[in-house]
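Here's the structure, in C-alpha cells; my notes come after.
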Amino acid sequence: MPSPKKLTADAEQSLATVLGWCAPILHARRRENILRLAGLLALEKGVREIDRATLIEAARLVLHPGHAPLFARMEAPVDPSGVKQTYLNLESYYAATRIAKRWEFTGPKPEKPAGEMKVLALNASPRREGNTCTLIDEALRGAAAAGAGVEKIHLAEVNIGHCVNTLIQRDYFIAKKQLPALEISYCEYARGCEDEAHKGACALMDDMPSLYAKIQAADAVIVGFPIYSGWESALLSNFLERWDRYRNCTQNQPIGGRKKRGMVISTWGYLDITTNDHILENNITKLYYRGVSAVEVVVACGVVGMLSGLDTEGRAIIRRFPDEMAKAYAAGRTLVTGER
C-alpha cells in the first residue's frame with residue numbers, strides 16, 4: 001500500500017495548530033517532516049488516511065520535547081499538569097506534586113574503590129538553598145556515605161571571566177605564516193603563545209585555572225543546573241564556554257586520561273519529566289566532549305509556584321518529598337560504587 005498522504009479535516013486543523021507554534025520560516029520543513037512521518041505511521045497502522053491522533057503522534061516526534069505543554073493544552077482543554085494550583089494559596093502550593101526521576105543506565109564500574117575517589121560538584125544555580133543545590137547535596141551525601149571525598153562549588157560565587165579571544169588558534173597561526181604583516185594578535189590575554197603546538201598561559205586573572213585544576217584532580221564530576229525559559233542557566237553556559245576556551249589555549253590535552261565519571265542534575269517548573277530532555281542531552285554531550293561521561297542523571301520537575309520552588313523558610317520545596325530526594329542520594333552512591 002502506498003504511503004497515505006490524505007489528512008482528515010481534524011488532522012489538517014491540528015497540523016495548522018502545530019505549525020502555528022513555529023516561526024513561519026520553519027513551516028515548510030516542519031510540515032514536510034511531520035507529514036512524512038505521519039504517512040509512515042499510518043502505513044504501519046494499515047490505514048489510508050492520516051487522522052488527528054496519527055498527526056499529533058508524528059508532530060510530537062518531530063518537534064522537541066519542550067512543546068509538551070502545548071500538546072497537553074491541545075489534547076485536553078483543562079491543564080493536566082496541576083501547575084496553576086501552585087499559585088492559588090500556600091496550602092495548594094505545598095500540596096502540589098513534584099516528581100524526580102533517575103535515568104536508567106548501567107555504566108562501567110569505577111576504576112577506583114569508592115573510598116579513594118574524589119567527587120567535585122558544580123552548582124550552576126544562583127540559589128544556595130534551591131532545588132538544584134539541594135539535590136546536589138543529596139547526591140554528595142550518597143557519595144560520601146560510600147566513602148568518597150566530596151566538594152561543592154557554587155559557580156555564582158566563582159569569578160569566571162569572559163574570554164575575548166574570537167580566533168581559532170590553528171587558523172591564526174596559518175594566517176600568520178602567510179601574512180607576516182598581520183597586525184591582529186591571537187589573544188590579548190595570551191602570554192607565550194608562539195605557535196600552534198605551544199600553549200600559552202591565560203592572563204585573564206579569574207578563577208578558572210584553580211577550578212580547572214580541581215576538575216583535573218576529581219575522579220567524578222557532578223554538574224547541577226536549573227532550566228529557565230527553556231534553556232540551561234546562564235551560569236552553566238558561561239562556565240562551559242570558559243572551560244572550553246581555557247582548555248584550548250593552555251592545555252595540550254583535555255582533562256586527562258580516560259573520561260571522568262559524571263552526573264547531571266537538573267530542575268524545572270513544568271510538571272512533565274521529559275519536557276526538557278533535549279536540553280539535558282545537549283549538556284550531557286557538551287560534558288562528554290570535555291572529558292566527563294555521565295553515568296547518572298537525576299531530574300526534578302514541578303518545582304514552581306507562588307514561592308518559586310522554595311518554602312516559607314527560603315529552602316527547596318523538594319525537601320518536602322523525601323522519596324524523590326532519595327533518588328539523588330542513590331545516584332550519588334552509584335556514581336562512586338557502580339552498584340545500582
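Labels used: A, B, ... for chains in the order of the C-alpha cells, numbers from 1 for residues in each chain, and numbers from 1 for ligands as shown.
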
Residues at most 6 Å from range 211-224 of chain A, counting only C-alpha atoms, excluding those fewer than 3 positions away in the same chain, as a PDB file with N, CA, C and O atoms, in the first residue's frame?
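That gives us result.pdb:
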```
ATOM      1  N   MET A 117      37.994   7.770  45.914  1.00  0.00           N
ATOM      2  CA  MET A 117      37.518   8.696  44.895  1.00  0.00           C
ATOM      3  C   MET A 117      37.249  10.092  45.438  1.00  0.00           C
ATOM      4  O   MET A 117      36.853  10.253  46.593  1.00  0.00           O
ATOM      5  N   LYS A 118      37.478  11.079  44.566  1.00  0.00           N
ATOM      6  CA  LYS A 118      37.167  12.472  44.869  1.00  0.00           C
ATOM      7  C   LYS A 118      36.045  12.918  43.937  1.00  0.00           C
ATOM      8  O   LYS A 118      36.145  12.759  42.726  1.00  0.00           O
ATOM      9  N   VAL A 119      35.000  13.482  44.525  1.00  0.00           N
ATOM     10  CA  VAL A 119      33.846  13.942  43.744  1.00  0.00           C
ATOM     11  C   VAL A 119      33.752  15.461  43.847  1.00  0.00           C
ATOM     12  O   VAL A 119      33.702  16.010  44.953  1.00  0.00           O
ATOM     13  N   LEU A 120      33.720  16.114  42.713  1.00  0.00           N
ATOM     14  CA  LEU A 120      33.566  17.572  42.667  1.00  0.00           C
ATOM     15  C   LEU A 120      32.195  17.896  42.101  1.00  0.00           C
ATOM     16  O   LEU A 120      31.835  17.434  41.015  1.00  0.00           O
ATOM     17  N   ALA A 121      31.421  18.679  42.827  1.00  0.00           N
ATOM     18  CA  ALA A 121      30.093  19.092  42.366  1.00  0.00           C
ATOM     19  C   ALA A 121      30.097  20.573  42.030  1.00  0.00           C
ATOM     20  O   ALA A 121      30.615  21.401  42.800  1.00  0.00           O
ATOM     21  N   LEU A 122      29.526  20.912  40.900  1.00  0.00           N
ATOM     22  CA  LEU A 122      29.438  22.295  40.443  1.00  0.00           C
ATOM     23  C   LEU A 122      27.967  22.692  40.393  1.00  0.00           C
ATOM     24  O   LEU A 122      27.184  22.128  39.615  1.00  0.00           O
ATOM     25  N   ASN A 123      27.587  23.644  41.231  1.00  0.00           N
ATOM     26  CA  ASN A 123      26.215  24.121  41.286  1.00  0.00           C
ATOM     27  C   ASN A 123      26.062  25.331  40.373  1.00  0.00           C
ATOM     28  O   ASN A 123      26.585  26.406  40.659  1.00  0.00           O
ATOM     29  N   ALA A 124      25.344  25.148  39.266  1.00  0.00           N
ATOM     30  CA  ALA A 124      25.144  26.235  38.312  1.00  0.00           C
ATOM     31  C   ALA A 124      23.797  26.918  38.515  1.00  0.00           C
ATOM     32  O   ALA A 124      23.221  27.471  37.576  1.00  0.00           O
ATOM     33  N   MET A 208      39.386  30.492  36.835  1.00  0.00           N
ATOM     34  CA  MET A 208      39.328  29.294  36.013  1.00  0.00           C
ATOM     35  C   MET A 208      40.546  28.381  36.185  1.00  0.00           C
ATOM     36  O   MET A 208      40.375  27.152  36.226  1.00  0.00           O
ATOM     37  N   ILE A 255      41.125  17.025  30.052  1.00  0.00           N
ATOM     38  CA  ILE A 255      41.374  16.879  31.482  1.00  0.00           C
ATOM     39  C   ILE A 255      42.166  15.640  31.847  1.00  0.00           C
ATOM     40  O   ILE A 255      42.531  15.441  32.979  1.00  0.00           O
ATOM     41  N   LYS A 260      36.205  11.097  32.856  1.00  0.00           N
ATOM     42  CA  LYS A 260      35.787  11.036  34.256  1.00  0.00           C
ATOM     43  C   LYS A 260      34.321  10.624  34.342  1.00  0.00           C
ATOM     44  O   LYS A 260      33.528  10.917  33.450  1.00  0.00           O
ATOM     45  N   ARG A 261      33.971   9.982  35.445  1.00  0.00           N
ATOM     46  CA  ARG A 261      32.564   9.665  35.680  1.00  0.00           C
ATOM     47  C   ARG A 261      31.809  10.960  35.954  1.00  0.00           C
ATOM     48  O   ARG A 261      32.317  11.859  36.625  1.00  0.00           O
ATOM     49  N   GLY A 262      30.618  11.049  35.437  1.00  0.00           N
ATOM     50  CA  GLY A 262      29.862  12.289  35.592  1.00  0.00           C
ATOM     51  C   GLY A 262      28.430  12.045  36.002  1.00  0.00           C
ATOM     52  O   GLY A 262      27.885  10.946  35.877  1.00  0.00           O
ATOM     53  N   MET A 263      27.828  13.101  36.527  1.00  0.00           N
ATOM     54  CA  MET A 263      26.428  13.068  36.918  1.00  0.00           C
ATOM     55  C   MET A 263      25.826  14.430  36.608  1.00  0.00           C
ATOM     56  O   MET A 263      26.443  15.473  36.856  1.00  0.00           O
ATOM     57  N   VAL A 264      24.647  14.416  36.022  1.00  0.00           N
ATOM     58  CA  VAL A 264      23.927  15.652  35.705  1.00  0.00           C
ATOM     59  C   VAL A 264      22.646  15.691  36.527  1.00  0.00           C
ATOM     60  O   VAL A 264      21.903  14.706  36.592  1.00  0.00           O
ATOM     61  N   ILE A 265      22.413  16.832  37.173  1.00  0.00           N
ATOM     62  CA  ILE A 265      21.201  17.058  37.951  1.00  0.00           C
ATOM     63  C   ILE A 265      20.537  18.321  37.419  1.00  0.00           C
ATOM     64  O   ILE A 265      21.198  19.342  37.236  1.00  0.00           O
ATOM     65  N   SER A 266      19.231  18.247  37.153  1.00  0.00           N
ATOM     66  CA  SER A 266      18.556  19.426  36.620  1.00  0.00           C
ATOM     67  C   SER A 266      17.143  19.534  37.183  1.00  0.00           C
ATOM     68  O   SER A 266      16.530  18.532  37.558  1.00  0.00           O
TER      69      SER A 266
END
```

Counting only C-alpha atoms, what is within 12 Å of Glu116 in chain A, bar same-chain residues fewer than 6 positions away, as a ChimeraX atom specification? /A:110,143-144,146-150,218-220,336-337

Considering only C-alpha atoms, give me a table of residues in range 112-167 of chain A that are at most 12 Å from range 84-107 of chain A, with the closest atom pair and distance in Å for each, as a Markdown table.
```
| residue | atom | partner | partner_atom | distance |
| --- | --- | --- | --- | --- |
| A:Asn131 | CA | A:Ala100 | CA | 10.8 |
| A:Thr132 | CA | A:Ala100 | CA | 11.3 |
| A:Leu135 | CA | A:Ala100 | CA | 9.8 |
| A:Ala139 | CA | A:Arg102 | CA | 11.6 |
```

May I have the residues from that selection written out with C-alpha atoms, as a PDB file, in the first residue's frame?
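What follows is the written file selection.pdb:
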```
ATOM      1  CA  ASN A 131      16.103  22.590  44.453  1.00  0.00           C
ATOM      2  CA  THR A 132      19.132  22.043  42.217  1.00  0.00           C
ATOM      3  CA  LEU A 135      19.603  17.549  45.072  1.00  0.00           C
ATOM      4  CA  ALA A 139      23.996  13.131  45.699  1.00  0.00           C
TER       5      ALA A 139
END
```

Two-atom distance - CA of Val164 in chain A, CA of Asn248 in chain A (Å):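 A separation of 13.6 Å between them.
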
From range 184-308 of chain A, collect each residue whose DSSP state is strand (DSSP E) and return the set as a VMD selection string. chain A and resid 190 to 191 201 to 202 220 to 228 231 to 232 260 to 267 292 to 301

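Residues surrounding Ala328 in chain A within 10 Å are A:Ala100, A:Lys101, A:Arg102, A:Thr134, A:Leu135, A:Ile136, A:Asp137, A:Glu138, A:Ala139, A:Leu140, A:Arg141, A:Gly142, A:Ile265, A:Glu296, A:Val297, A:Val298, A:Val299, A:Ala300, A:Asp323, A:Arg333, A:Thr334 [only C-alpha atoms; sequence separation below 5 positions excluded].
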
Listing only residues of range 208-274 of chain A within 12 Å of range 55-70 of chain A, what is the closest atom pair and its distance in Å (to one decimal) for each, using only C-alpha atoms, sorted by chain and residue number ascending, as CSV?
```
residue,atom,partner,partner_atom,distance
A:Ile227,CA,A:Gly66,CA,11.2
A:Tyr228,CA,A:Gly66,CA,11.8
A:Ser229,CA,A:Gly66,CA,10.1
A:Gly230,CA,A:Gly66,CA,7.0
A:Trp231,CA,A:Gly66,CA,9.7
A:Trp268,CA,A:Gly66,CA,11.4
A:Gly269,CA,A:Pro69,CA,11.4
A:Tyr270,CA,A:Pro69,CA,7.9
A:Leu271,CA,A:Pro69,CA,9.0
A:Asp272,CA,A:Ala68,CA,7.7
A:Ile273,CA,A:Pro65,CA,10.0
A:Thr274,CA,A:Pro65,CA,6.7
```

Find, counting only C-alpha atoms, the residue in A:Ala38, A:Ala114, A:Thr275, A:Phe173 that gets nearest to Ala145 in chain A. A:Ala114

Ranking A:Cys301, A:Ala72, A:Cys202, A:Leu235 by minimum distance to Asn159 in chain A and counting only C-alpha atoms, which one comes first?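 Answer, going by the shortest atom-to-atom distance: A:Leu235.
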
Run DSSP on the backbone and give me the residues of range 290-336 of chain A it puts in alpha helix (DSSP H), as number ranges by chain. A: 322-336

What does the distance from CA of Ser210 in chain A to CA of Leu236 in chain A come to in Å, to one decimal? 17.3 Å

For range 243-245 of chain A: contacts at 9 Å, only C-alpha atoms, fewer than 5 positions along chain excluded, given as a VMD selection string: chain A and resid 163 165 208 212 238 250 290

Could you turn the residues from that selection into a file that holds N, CA, C and O atoms, as a PDB file, in the first residue's frame?
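Result file is out.pdb:
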```pdb
ATOM      1  N   CYS A 163      36.025  35.277  28.048  1.00  0.00           N
ATOM      2  CA  CYS A 163      37.154  35.251  27.122  1.00  0.00           C
ATOM      3  C   CYS A 163      36.844  36.132  25.918  1.00  0.00           C
ATOM      4  O   CYS A 163      35.753  36.081  25.357  1.00  0.00           O
ATOM      5  N   ASN A 165      38.930  36.112  23.191  1.00  0.00           N
ATOM      6  CA  ASN A 165      39.574  35.537  22.017  1.00  0.00           C
ATOM      7  C   ASN A 165      38.515  35.033  21.053  1.00  0.00           C
ATOM      8  O   ASN A 165      37.748  34.128  21.373  1.00  0.00           O
ATOM      9  N   MET A 208      39.386  30.492  36.835  1.00  0.00           N
ATOM     10  CA  MET A 208      39.328  29.294  36.013  1.00  0.00           C
ATOM     11  C   MET A 208      40.546  28.381  36.185  1.00  0.00           C
ATOM     12  O   MET A 208      40.375  27.152  36.226  1.00  0.00           O
ATOM     13  N   TYR A 212      39.832  24.630  37.139  1.00  0.00           N
ATOM     14  CA  TYR A 212      40.207  23.590  36.193  1.00  0.00           C
ATOM     15  C   TYR A 212      41.093  22.545  36.866  1.00  0.00           C
ATOM     16  O   TYR A 212      40.964  21.343  36.608  1.00  0.00           O
ATOM     17  N   ASN A 238      27.967  30.020  30.502  1.00  0.00           N
ATOM     18  CA  ASN A 238      29.191  30.815  30.557  1.00  0.00           C
ATOM     19  C   ASN A 238      30.371  29.966  31.030  1.00  0.00           C
ATOM     20  O   ASN A 238      31.481  30.050  30.494  1.00  0.00           O
ATOM     21  N   THR A 250      45.446  26.709  26.864  1.00  0.00           N
ATOM     22  CA  THR A 250      46.512  26.458  27.844  1.00  0.00           C
ATOM     23  C   THR A 250      46.844  24.988  28.057  1.00  0.00           C
ATOM     24  O   THR A 250      47.852  24.687  28.697  1.00  0.00           O
ATOM     25  N   ARG A 290      34.118  17.401  26.836  1.00  0.00           N
ATOM     26  CA  ARG A 290      35.113  17.982  27.739  1.00  0.00           C
ATOM     27  C   ARG A 290      35.719  16.938  28.679  1.00  0.00           C
ATOM     28  O   ARG A 290      36.434  17.296  29.608  1.00  0.00           O
TER      29      ARG A 290
END
```

With a distance cut-off of 9 Å and only C-alpha atoms, select the neighbouring residues of Ala11 in chain A, excluding the residue or stretch itself and same-chain residues fewer than 5 positions from it, and output the selection as a PyMOL selection string. chain A and resi 16+50-56

Counting only C-alpha atoms, the residue of A:Gly46, A:Gly302, A:Pro24, A:Pro126 that sits nearest Glu324 in chain A: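 Among the listed residues, the smallest separation from Glu324 in chain A belongs to A:Gly302.
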
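Interatomic distance, CA of Pro226 in chain A to CA of Gly291 in chain A: 21.9 Å.
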